[in-house]
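Notes for the one structure printed next.
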Number of protein chains: 2
Amino acid sequence: MATAVSPLAPKSVPAMPVIPGVKLATAAAGIKYRDRTDVLLAVLDPGTVAAGVFTKSKCPSAPVEWCRDKLKGAKPRALVVNSGNANAFTGKNGRAACKFTAEIAARAVGCKPKDVFLASTGVIGEPLNAKVFDGVMEGLVASARPDFWPEAAKAIMTTDTFPKVATARAKLGEATVTINGFAKGAGMIAPDMATMLSYVFTDAPISQRALQALLSEGVEDTFNAVTIDGDTSTSDTLMAFATGAAKDLGAPSITKANDPRLKPFRSAFNAVLADLAEQVARDGEGARKLVEISVEGAKSKASARRIAMSIANSPLVKTAIAGEDANWGRVVMAVGKAGEPADRDRLSIWFNGIRVAHKGARDPGYDEAMVSKAMKNDTIALKVALGLGKGKDRVLTCDLTKEYVAINGDYRS
Amino acid sequence: MATAVSPLAPKSVPAMPVIPGVKLATAAAGIKYRDRTDVLLAVLDPGTVAAGVFTKSKCPSAPVEWCRDKLKGAKPRALVVNSGNANAFTGKNGRAACKFTAEIAARAVGCKPKDVFLASTGVIGEPLNAKVFDGVMEGLVASARPDFWPEAAKAIMTTDTFPKVATARAKLGEATVTINGFAKGAGMIAPDMATMLSYVFTDAPISQRALQALLSEGVEDTFNAVTIDGDTSTSDTLMAFATGAAKDLGAPSITKANDPRLKPFRSAFNAVLADLAEQVARDGEGARKLVEISVEGAKSKASARRIAMSIANSPLVKTAIAGEDANWGRVVMAVGKAGEPADRDRLSIWFNGIRVAHKGARDPGYDEAMVSKAMKNDTIALKVALGLGKGKDRVLTCDLTKEYVAINGDYRS
C-alpha cells in the first residue's frame, strides 16, 4: 500500500473553525489497521437536519441502506464512520452490525438508534465485527470536541495519502455562517453518485428539504464530475448536516432552496463540495497528475459530460498522461467511443493551452518540444472543442500509473 | 515496449493450409518499425466476395471509411494492411493516402482502386506517408504466394507479442472447404465492434449477402465478447473474403445464410472467429492471465452481457486478478455499477470453480488457502450467478498489470 503523500496534495491546509452544534471524536478500534484511528463519531445538537446522496450501485453496502432508510424524518444526533471494513456484501451480518452500532451509539449519545447515521469504508465482502465499537463508544462521546476536524478526516482514510478538509463562510441575512467538510476518496471513484464518503456541516438554520435540494444540486458539478477509475463504490455517501445554531447569531431560518437570501450560502456550500471533490481527484490511487478535462462545442451539457467522462475513464488516455505523452490520438479515440455526436473534421484538442490538433488533423504549428515541456506539469488541462453546439462541461480525474496497479493488486492482502 | 511473448500465447500454432484463390505477401516499407515487415498484401482471385464489420467509433480512421464505402457491390481483388501508423485523425491527408494506396495496388494487381480494401494500425494522429508503398507494391504482387499465413499475421502486429492465426475445415455439400484467419489485437480493444484488425478467408462459394449475414452474426459472441481495456479503436475492422474456388471441388453455391447446408460451415467459421478473438484476449497488453467471465441467472442475455462487461472492464477487478486476489467484493461492486437488475442477497460468485460468495455473503465453506492456490492459474474462470432469470453470457478479458501501464505510457515515444 502507498504510504507517501500524493505529490498533488494541497500545499496548505485551512484552519478549520468550530461549527456550533457539532462535536467530533475519533478512536482506534483495531478493525483492520494498527497504530491509527479508524472510528469517527460526530455528535450533533438537537434540531440538526440531514440531507444525503448515495451510490447508485444496485448492490449498496448495509450502511448505505441504513442511511437511505432513516433519512426521511430523521432527527440526526450522531454519525459513526469507520474505516478498514466497508460492511458491504455482508448479508444479514451486515444489517445486524448496523443495528448494533446504532444502538450503542444511541445509548452513549442519548438518542434513538434511528437518529444515528452510519458509514463504513474499506474492504468489501468481509464481515464487520461491530463489537469493537462497544469498547470505544462511551469514550468517544466523552472526548468529543468542536475542533477535531483534521483528526476526523484522518480516521476515515483508507488508501488516501492525506486527510481532506475544506471550509468556507457566507453571509446569511446579517449573520455569518460556517460550512466545514471532510472527505475520503482514493479509488473506486466514479460519479453515478458522490464520492466514497464525504460529510459537510453547517450552523445555518436551513430546513431538511432545502438542504437536500442544495446538496442534490451541488453534487452534480462537484463529486459527480470526478472519476478516478470509473468504478462505482457500493458505499458512496455524501451527507450534509445543518445544526441551525446560527439562529443565535441572527441568521434567518430558510425553508426553501430557492430563497434569494441563500445565494451567498449556496456559492460557499458548492465551493466546499468542489474543493473536497478536487482533493479526491488529487489523491486518486497512484495519481501523479491532476487532469481537468473540458469539453466545449458539444450538442448539450449532458453530451459534453459523457464525452468528458469517456476521456477521463479511458485507460489509454490516462496511461499516456502518466507517460507525459500528449497523445491526442487517444483523445480522439475516447471522443469517438462516447457514442455522442462528434465530427472528426471539426475537432480541436489542447493540452495545457497548446493546441495540438485542429480540424481533424495535427495542428500545423505543432511543436513537440513545447508540448513535451507542458506535459511535465503536475496538473494537465485537456480541452476538446467539438465545434457542433454550445454544450460544455468539465470533469476532474488523474493519470493511471503503475502505482495504481500496485495499490490495487495487493490491497486486500 | 514489451517484447517478450505473452505467457498466455497458445502452446502450438496450427499448420495453415492453402485457400485456393488467395495469395499473400509481406514487405518492410519502413513506416515506423525497423528490421521487420509492416505491409501485407492479399491478392484475391476474380469472383471473390467480401463482408465486413467495422468500429462503431464516431471518429473512425480513413481506411475504415474507405472500406465501408466500397463494401457494397465490391469485386474485391486486393487487401493492403500496414502496421506502424493507423492513418486515423489525419484529415484530408488520410483520405488522400487511402486513394493513393488503392491506386498503386490496383495498378500492380490489375483491378480498379475501388476493388482494393485497406487497413492501417498503429499510432493515431500522425500523417501516413503512403509513398512508401509505391516502392514495395510491384514486389509484393510478384512475390505473393498461397502459403504465407503466419508471415501475413506477423506483418500487421503492433504491440502484439505473437502472430494470431486460426484454421478450420467443414463439409459443404460433398466438398470440404477451408477457412483461414488471422488477427492482431493487443490494446484499445473493446467490443462495440470486432477487434482491431482481423481477416478471414475461405474458398466456400458463398454470396456476399450470406457471408455478411454470417459475419455479423458470428462477431457477436466472439470479437464483440472480448475486452482488454474498454477502449474502442478508431480502426477496428473484421473482414471475410470468400473466393468461391471450392466450386471446383463440387461445393454448392450458397446464396442465403439460412441455407441448411451451411450448418457445418457456420460452426467452423464461428470457431475460427472465436479462436482468433481468444488469442486477442491472450495477448492483451501486459496480460498475465486470461479471464473468462460468465454471468448466469440474469434477466436476459443482453443484461448478462452488460454485467459481464462491467466486470471485465473494471480496473479494480482486473488489478485484483493481476494480484492473484479472489476479491469478490470488487466483483459485487462491478455487478452493482452495471445498472442492470441484481439482488445482492441472491448473488453467488465462483473463481475457478470455487464458490467464494453465496447469497449475499462470504461462502460459509470459504477456504483462503484453496482459493489462493486457484488464483495462481494463468486462466481464471470467474462465474457470477444472479438468481433472477435465465439470461446468461460470457466474455473474455485479461488482467490489468503494471506492464499495461508501461506499454501505454510510452507507446508513442
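Each chain in the C-alpha cells gets a letter, A, B and so on, in the order shown; residues start at 1 in every chain, and ligands are counted from 1 in the order they appear.
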Each residue of chain B with at least one atom at most 7 Å from chain A should appear once, together with its nearest atom pair and the corresponding distance in Å (one decimal); atoms considered: only C-alpha atoms; ordering: chain, then increasing residue number; output as JSON lines.
```
{"residue": "B:Ser57", "atom": "CA", "partner": "A:Gly336", "partner_atom": "CA", "distance": 4.5}
{"residue": "B:Lys58", "atom": "CA", "partner": "A:Gly336", "partner_atom": "CA", "distance": 4.3}
{"residue": "B:Cys59", "atom": "CA", "partner": "A:Gly336", "partner_atom": "CA", "distance": 4.7}
{"residue": "B:Phe89", "atom": "CA", "partner": "A:Ala361", "partner_atom": "CA", "distance": 5.5}
{"residue": "B:Thr90", "atom": "CA", "partner": "A:Ala361", "partner_atom": "CA", "distance": 4.7}
{"residue": "B:Gly91", "atom": "CA", "partner": "A:Gly360", "partner_atom": "CA", "distance": 5.0}
{"residue": "B:Ile124", "atom": "CA", "partner": "A:Gly329", "partner_atom": "CA", "distance": 4.8}
{"residue": "B:Gly125", "atom": "CA", "partner": "A:Gly329", "partner_atom": "CA", "distance": 4.8}
{"residue": "B:Asp229", "atom": "CA", "partner": "A:Pro315", "partner_atom": "CA", "distance": 6.5}
{"residue": "B:Asp231", "atom": "CA", "partner": "A:Ser314", "partner_atom": "CA", "distance": 6.3}
{"residue": "B:Thr232", "atom": "CA", "partner": "A:Lys337", "partner_atom": "CA", "distance": 5.8}
{"residue": "B:Ser233", "atom": "CA", "partner": "A:Met333", "partner_atom": "CA", "distance": 6.1}
{"residue": "B:Thr234", "atom": "CA", "partner": "A:Met333", "partner_atom": "CA", "distance": 5.8}
{"residue": "B:Ser314", "atom": "CA", "partner": "A:Asp231", "partner_atom": "CA", "distance": 6.3}
{"residue": "B:Pro315", "atom": "CA", "partner": "A:Asp229", "partner_atom": "CA", "distance": 6.6}
{"residue": "B:Leu316", "atom": "CA", "partner": "A:Asn408", "partner_atom": "CA", "distance": 6.5}
{"residue": "B:Thr319", "atom": "CA", "partner": "A:Gly409", "partner_atom": "CA", "distance": 4.9}
{"residue": "B:Ala320", "atom": "CA", "partner": "A:Gly409", "partner_atom": "CA", "distance": 4.7}
{"residue": "B:Ala322", "atom": "CA", "partner": "A:Gly409", "partner_atom": "CA", "distance": 6.0}
{"residue": "B:Gly323", "atom": "CA", "partner": "A:Gly409", "partner_atom": "CA", "distance": 4.2}
{"residue": "B:Trp328", "atom": "CA", "partner": "A:Gly125", "partner_atom": "CA", "distance": 6.9}
{"residue": "B:Gly329", "atom": "CA", "partner": "A:Gly125", "partner_atom": "CA", "distance": 4.8}
{"residue": "B:Val332", "atom": "CA", "partner": "A:Cys59", "partner_atom": "CA", "distance": 6.8}
{"residue": "B:Met333", "atom": "CA", "partner": "A:Thr234", "partner_atom": "CA", "distance": 5.8}
{"residue": "B:Gly336", "atom": "CA", "partner": "A:Lys58", "partner_atom": "CA", "distance": 4.3}
{"residue": "B:Lys337", "atom": "CA", "partner": "A:Ser57", "partner_atom": "CA", "distance": 4.9}
{"residue": "B:Gly339", "atom": "CA", "partner": "A:Lys58", "partner_atom": "CA", "distance": 6.5}
{"residue": "B:Ala342", "atom": "CA", "partner": "A:Lys58", "partner_atom": "CA", "distance": 6.3}
{"residue": "B:Asp343", "atom": "CA", "partner": "A:Cys59", "partner_atom": "CA", "distance": 6.8}
{"residue": "B:Arg344", "atom": "CA", "partner": "A:Cys59", "partner_atom": "CA", "distance": 5.3}
{"residue": "B:Asp345", "atom": "CA", "partner": "A:Gly91", "partner_atom": "CA", "distance": 6.6}
{"residue": "B:Gly360", "atom": "CA", "partner": "A:Gly91", "partner_atom": "CA", "distance": 5.0}
{"residue": "B:Ala361", "atom": "CA", "partner": "A:Thr90", "partner_atom": "CA", "distance": 4.7}
{"residue": "B:Arg362", "atom": "CA", "partner": "A:Gly125", "partner_atom": "CA", "distance": 6.4}
{"residue": "B:Thr401", "atom": "CA", "partner": "A:Val405", "partner_atom": "CA", "distance": 6.2}
{"residue": "B:Lys402", "atom": "CA", "partner": "A:Lys402", "partner_atom": "CA", "distance": 4.9}
{"residue": "B:Val405", "atom": "CA", "partner": "A:Thr319", "partner_atom": "CA", "distance": 5.7}
{"residue": "B:Asn408", "atom": "CA", "partner": "A:Thr319", "partner_atom": "CA", "distance": 5.7}
{"residue": "B:Gly409", "atom": "CA", "partner": "A:Gly323", "partner_atom": "CA", "distance": 4.1}
{"residue": "B:Asp410", "atom": "CA", "partner": "A:Gly323", "partner_atom": "CA", "distance": 5.8}
```
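The set of residues in stretch 36-125 of chain B assigned to strand (DSSP E or B) by DSSP, using only backbone atoms of this structure, is Val39, Leu40, Leu41, Ala42, Val43, Leu44, Val49, Ala50, Ala51, Gly52, Val53, Phe54, Ala78, Leu79, Val80, Val81, Asn82, Ser83, Gly84, Asn85, Val116, Phe117, Leu118, Ala119, Ser120, Thr121, Gly122 and Val123 of chain B.
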Take the residues just selected and output them with N, CA and C atoms as a short mmCIF file (atom, residue, chain, number, x, y, z; two decimals), in the first residue's frame.
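Writing the result to result-v1.cif gives the following:
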```
data_model
loop_
_atom_site.label_atom_id
_atom_site.label_comp_id
_atom_site.auth_asym_id
_atom_site.auth_seq_id
_atom_site.Cartn_x
_atom_site.Cartn_y
_atom_site.Cartn_z
N VAL B 39 3.93 -4.27 -44.07
CA VAL B 39 2.85 -4.21 -45.07
C VAL B 39 2.47 -5.61 -45.49
N LEU B 40 1.18 -5.82 -45.59
CA LEU B 40 0.64 -7.09 -46.06
C LEU B 40 -0.19 -6.83 -47.30
N LEU B 41 0.01 -7.65 -48.31
CA LEU B 41 -0.88 -7.63 -49.48
C LEU B 41 -1.53 -8.99 -49.61
N ALA B 42 -2.86 -9.00 -49.73
CA ALA B 42 -3.56 -10.23 -50.10
C ALA B 42 -4.11 -10.01 -51.51
N VAL B 43 -3.80 -10.94 -52.41
CA VAL B 43 -4.33 -10.86 -53.77
C VAL B 43 -5.43 -11.90 -53.90
N LEU B 44 -6.58 -11.47 -54.36
CA LEU B 44 -7.77 -12.32 -54.39
C LEU B 44 -8.18 -12.58 -55.84
N VAL B 49 -15.97 -12.55 -52.98
CA VAL B 49 -16.89 -11.58 -52.36
C VAL B 49 -16.35 -11.23 -50.98
N ALA B 50 -16.78 -10.07 -50.46
CA ALA B 50 -16.27 -9.59 -49.18
C ALA B 50 -17.39 -9.17 -48.26
N ALA B 51 -17.19 -9.39 -46.96
CA ALA B 51 -18.12 -8.90 -45.94
C ALA B 51 -17.28 -8.20 -44.88
N GLY B 52 -17.88 -7.29 -44.14
CA GLY B 52 -17.09 -6.60 -43.12
C GLY B 52 -17.94 -6.04 -42.00
N VAL B 53 -17.33 -5.95 -40.82
CA VAL B 53 -17.91 -5.19 -39.71
C VAL B 53 -16.81 -4.28 -39.20
N PHE B 54 -17.20 -3.07 -38.82
CA PHE B 54 -16.20 -2.05 -38.50
C PHE B 54 -16.52 -1.36 -37.18
N ALA B 78 -7.92 -7.11 -53.92
CA ALA B 78 -6.71 -6.94 -53.11
C ALA B 78 -7.05 -6.36 -51.75
N LEU B 79 -6.19 -6.70 -50.79
CA LEU B 79 -6.30 -6.14 -49.44
C LEU B 79 -4.89 -5.68 -49.07
N VAL B 80 -4.78 -4.42 -48.64
CA VAL B 80 -3.48 -3.89 -48.22
C VAL B 80 -3.61 -3.44 -46.76
N VAL B 81 -2.79 -4.00 -45.91
CA VAL B 81 -2.83 -3.63 -44.48
C VAL B 81 -1.42 -3.24 -44.06
N ASN B 82 -1.32 -2.10 -43.38
CA ASN B 82 0.00 -1.75 -42.84
C ASN B 82 -0.07 -1.59 -41.33
N SER B 83 1.05 -1.82 -40.68
CA SER B 83 1.17 -1.54 -39.25
C SER B 83 2.12 -0.36 -39.07
N GLY B 84 2.13 0.19 -37.84
CA GLY B 84 3.04 1.31 -37.55
C GLY B 84 2.35 2.66 -37.58
N ASN B 85 1.28 2.77 -38.34
CA ASN B 85 0.55 4.03 -38.45
C ASN B 85 -0.90 3.71 -38.77
N VAL B 116 -9.99 -2.52 -54.07
CA VAL B 116 -8.90 -2.73 -53.11
C VAL B 116 -9.40 -2.35 -51.71
N PHE B 117 -9.24 -3.25 -50.75
CA PHE B 117 -9.60 -2.93 -49.37
C PHE B 117 -8.34 -2.59 -48.59
N LEU B 118 -8.52 -1.72 -47.58
CA LEU B 118 -7.37 -1.16 -46.88
C LEU B 118 -7.55 -1.22 -45.38
N ALA B 119 -6.45 -1.27 -44.66
CA ALA B 119 -6.50 -1.05 -43.21
C ALA B 119 -5.13 -0.59 -42.76
N SER B 120 -5.13 0.18 -41.69
CA SER B 120 -3.88 0.67 -41.11
C SER B 120 -3.99 0.55 -39.61
N THR B 121 -2.93 0.19 -38.94
CA THR B 121 -2.96 0.08 -37.48
C THR B 121 -1.65 0.57 -36.90
N GLY B 122 -1.75 1.25 -35.79
CA GLY B 122 -0.54 1.78 -35.15
C GLY B 122 -0.89 3.11 -34.51
N VAL B 123 0.05 4.03 -34.54
CA VAL B 123 -0.16 5.33 -33.92
C VAL B 123 -1.30 6.06 -34.63
#
```
Å distance separating atom CA of A:Arg305 from atom CA of A:Leu262, one decimal place: 27.4 Å
Enumerate the residues of stretch 191-343 of chain A with a DSSP assignment of alpha helix (DSSP H), computed from the backbone, and present them as a PyMOL selection string. chain A and resi 208-219+263-282+301-312+315-322+328-337
I need the residues from that last selection saved to file as a PDB file, in the first residue's frame (with C-alpha atoms), if you can.
```
ATOM      1  CA  GLN A 208     -34.146  19.438   5.694  1.00  0.00           C
ATOM      2  CA  ARG A 209     -35.884  19.905   2.356  1.00  0.00           C
ATOM      3  CA  ALA A 210     -33.871  22.955   1.354  1.00  0.00           C
ATOM      4  CA  LEU A 211     -30.617  21.290   2.455  1.00  0.00           C
ATOM      5  CA  GLN A 212     -31.429  18.189   0.411  1.00  0.00           C
ATOM      6  CA  ALA A 213     -32.172  20.328  -2.653  1.00  0.00           C
ATOM      7  CA  LEU A 214     -28.895  22.225  -2.250  1.00  0.00           C
ATOM      8  CA  LEU A 215     -26.943  19.002  -1.851  1.00  0.00           C
ATOM      9  CA  SER A 216     -28.553  17.211  -4.801  1.00  0.00           C
ATOM     10  CA  GLU A 217     -27.898  20.245  -6.978  1.00  0.00           C
ATOM     11  CA  GLY A 218     -24.367  20.854  -5.703  1.00  0.00           C
ATOM     12  CA  VAL A 219     -23.157  17.290  -6.205  1.00  0.00           C
ATOM     13  CA  LYS A 263     -27.389  32.873  -2.710  1.00  0.00           C
ATOM     14  CA  PRO A 264     -24.051  33.511  -0.917  1.00  0.00           C
ATOM     15  CA  PHE A 265     -24.539  30.365   1.154  1.00  0.00           C
ATOM     16  CA  ARG A 266     -25.161  28.279  -1.969  1.00  0.00           C
ATOM     17  CA  SER A 267     -21.903  29.554  -3.509  1.00  0.00           C
ATOM     18  CA  ALA A 268     -19.928  28.808  -0.364  1.00  0.00           C
ATOM     19  CA  PHE A 269     -21.549  25.400   0.036  1.00  0.00           C
ATOM     20  CA  ASN A 270     -20.759  24.478  -3.576  1.00  0.00           C
ATOM     21  CA  ALA A 271     -17.205  25.757  -3.135  1.00  0.00           C
ATOM     22  CA  VAL A 272     -16.684  23.376  -0.201  1.00  0.00           C
ATOM     23  CA  LEU A 273     -18.062  20.475  -2.249  1.00  0.00           C
ATOM     24  CA  ALA A 274     -15.858  21.427  -5.223  1.00  0.00           C
ATOM     25  CA  ASP A 275     -12.785  21.761  -3.002  1.00  0.00           C
ATOM     26  CA  LEU A 276     -13.307  18.333  -1.436  1.00  0.00           C
ATOM     27  CA  ALA A 277     -14.057  16.731  -4.814  1.00  0.00           C
ATOM     28  CA  GLU A 278     -10.850  18.163  -6.270  1.00  0.00           C
ATOM     29  CA  GLN A 279      -8.877  16.824  -3.300  1.00  0.00           C
ATOM     30  CA  VAL A 280     -10.332  13.391  -4.009  1.00  0.00           C
ATOM     31  CA  ALA A 281      -9.018  13.615  -7.590  1.00  0.00           C
ATOM     32  CA  ARG A 282      -5.666  14.864  -6.288  1.00  0.00           C
ATOM     33  CA  LYS A 301     -24.081  19.900 -21.434  1.00  0.00           C
ATOM     34  CA  ALA A 302     -25.101  16.256 -20.956  1.00  0.00           C
ATOM     35  CA  SER A 303     -23.367  15.281 -24.195  1.00  0.00           C
ATOM     36  CA  ALA A 304     -20.253  17.232 -23.150  1.00  0.00           C
ATOM     37  CA  ARG A 305     -20.295  15.408 -19.796  1.00  0.00           C
ATOM     38  CA  ARG A 306     -20.490  11.972 -21.431  1.00  0.00           C
ATOM     39  CA  ILE A 307     -17.607  12.789 -23.771  1.00  0.00           C
ATOM     40  CA  ALA A 308     -15.537  14.227 -20.914  1.00  0.00           C
ATOM     41  CA  MET A 309     -16.192  11.083 -18.852  1.00  0.00           C
ATOM     42  CA  SER A 310     -15.293   8.835 -21.782  1.00  0.00           C
ATOM     43  CA  ILE A 311     -11.927  10.625 -21.983  1.00  0.00           C
ATOM     44  CA  ALA A 312     -11.484  10.660 -18.200  1.00  0.00           C
ATOM     45  CA  PRO A 315      -7.076   3.730 -19.619  1.00  0.00           C
ATOM     46  CA  LEU A 316      -5.165   4.672 -22.784  1.00  0.00           C
ATOM     47  CA  VAL A 317      -5.585   8.418 -22.257  1.00  0.00           C
ATOM     48  CA  LYS A 318      -4.715   8.059 -18.562  1.00  0.00           C
ATOM     49  CA  THR A 319      -1.588   5.990 -19.166  1.00  0.00           C
ATOM     50  CA  ALA A 320      -0.451   8.403 -21.906  1.00  0.00           C
ATOM     51  CA  ILE A 321      -0.717  11.286 -19.438  1.00  0.00           C
ATOM     52  CA  ALA A 322       1.208   9.230 -16.877  1.00  0.00           C
ATOM     53  CA  TRP A 328      -4.257  13.400 -28.789  1.00  0.00           C
ATOM     54  CA  GLY A 329      -4.957  10.394 -31.000  1.00  0.00           C
ATOM     55  CA  ARG A 330      -6.183   8.546 -27.935  1.00  0.00           C
ATOM     56  CA  VAL A 331      -8.317  11.545 -27.025  1.00  0.00           C
ATOM     57  CA  VAL A 332      -9.951  11.268 -30.458  1.00  0.00           C
ATOM     58  CA  MET A 333     -10.482   7.572 -29.792  1.00  0.00           C
ATOM     59  CA  ALA A 334     -12.202   8.377 -26.485  1.00  0.00           C
ATOM     60  CA  VAL A 335     -14.362  11.060 -28.117  1.00  0.00           C
ATOM     61  CA  GLY A 336     -15.292   8.556 -30.811  1.00  0.00           C
ATOM     62  CA  LYS A 337     -16.262   5.780 -28.423  1.00  0.00           C
TER      63      LYS A 337
END
```
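A straight line drawn from atom CA of B:Ser143 to atom CA of B:Ala246 is 23.9 Å long.
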Can you pull out every residue within 8 Å of B:Pro20, counting only C-alpha atoms, but drop anything in the same chain fewer than 2 positions away, and send it as a list in words?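 The filter keeps Val18, Val22, Pro146, Asp203, Thr243, Ala245 and Ala246 of chain B.
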Can you work out the spacing between atom CA of A:Ala242 and atom CA of A:Pro46 in Å, to one decimal?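 Distance reported for this atom pair: 10.6 Å.
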List the neighbours of B:Phe182 out to 8 Å using only C-alpha atoms; skip same-chain residues closer than 6 positions along the sequence, and give me the result as a list in words.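 Final neighbour list, sorted by chain and number: Trp149, Ala152, Ala153, Pro163, Lys164, Val165, Ala166, Ser198, Tyr199, Val200 and Leu276 of chain B.
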Which is closer to B:Lys184 than all the others in B:Leu238, B:Ala62, B:Ala225, B:Val141, using only C-alpha atoms?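 The shortest atom-to-atom distance to B:Lys184 comes from B:Leu238.
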Nearest to A:Val371 among A:Ile354, A:Gly110, A:Ala385, A:Ala298, with distances taken over only C-alpha atoms: which residue is it?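 Closest to A:Val371, using only C-alpha atoms: A:Ile354.
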For stretch 286-294 of chain A, list every protein, DNA or RNA residue within 6 Å, evaluated using only C-alpha atoms, and leave out those in the same chain fewer than 5 positions away; present the list as a PDB file with C-alpha atoms, in the first residue's frame.
```pdb
ATOM      1  CA  ASP A 378       1.650  18.090 -12.389  1.00  0.00           C
ATOM      2  CA  THR A 379      -1.702  19.477 -13.497  1.00  0.00           C
ATOM      3  CA  ILE A 380      -2.883  18.867 -17.038  1.00  0.00           C
ATOM      4  CA  ALA A 381      -5.732  20.826 -18.606  1.00  0.00           C
ATOM      5  CA  LEU A 382      -7.043  18.830 -21.529  1.00  0.00           C
ATOM      6  CA  LYS A 383      -9.522  20.768 -23.659  1.00  0.00           C
ATOM      7  CA  ASP A 393     -18.757  20.655 -19.212  1.00  0.00           C
ATOM      8  CA  ARG A 394     -15.725  19.841 -17.127  1.00  0.00           C
ATOM      9  CA  VAL A 395     -14.624  16.815 -15.109  1.00  0.00           C
ATOM     10  CA  LEU A 396     -11.604  16.012 -12.986  1.00  0.00           C
ATOM     11  CA  THR A 397      -9.553  12.859 -12.987  1.00  0.00           C
ATOM     12  CA  CYS A 398      -5.972  11.725 -12.540  1.00  0.00           C
ATOM     13  CA  ASP A 399      -3.463   9.685 -14.500  1.00  0.00           C
ATOM     14  CA  THR A 401       0.168   4.778 -13.082  1.00  0.00           C
ATOM     15  CA  GLU A 403       1.321   2.583  -8.540  1.00  0.00           C
ATOM     16  CA  TYR A 404      -2.452   2.295  -9.094  1.00  0.00           C
TER      17      TYR A 404
END
```
Pick out the residues sitting within 7 Å of B:Gly244, and hand them over as number ranges by chain; count only C-alpha atoms, and ignore anything fewer than 6 positions along from it in its own chain. B: 47-48, 203-206
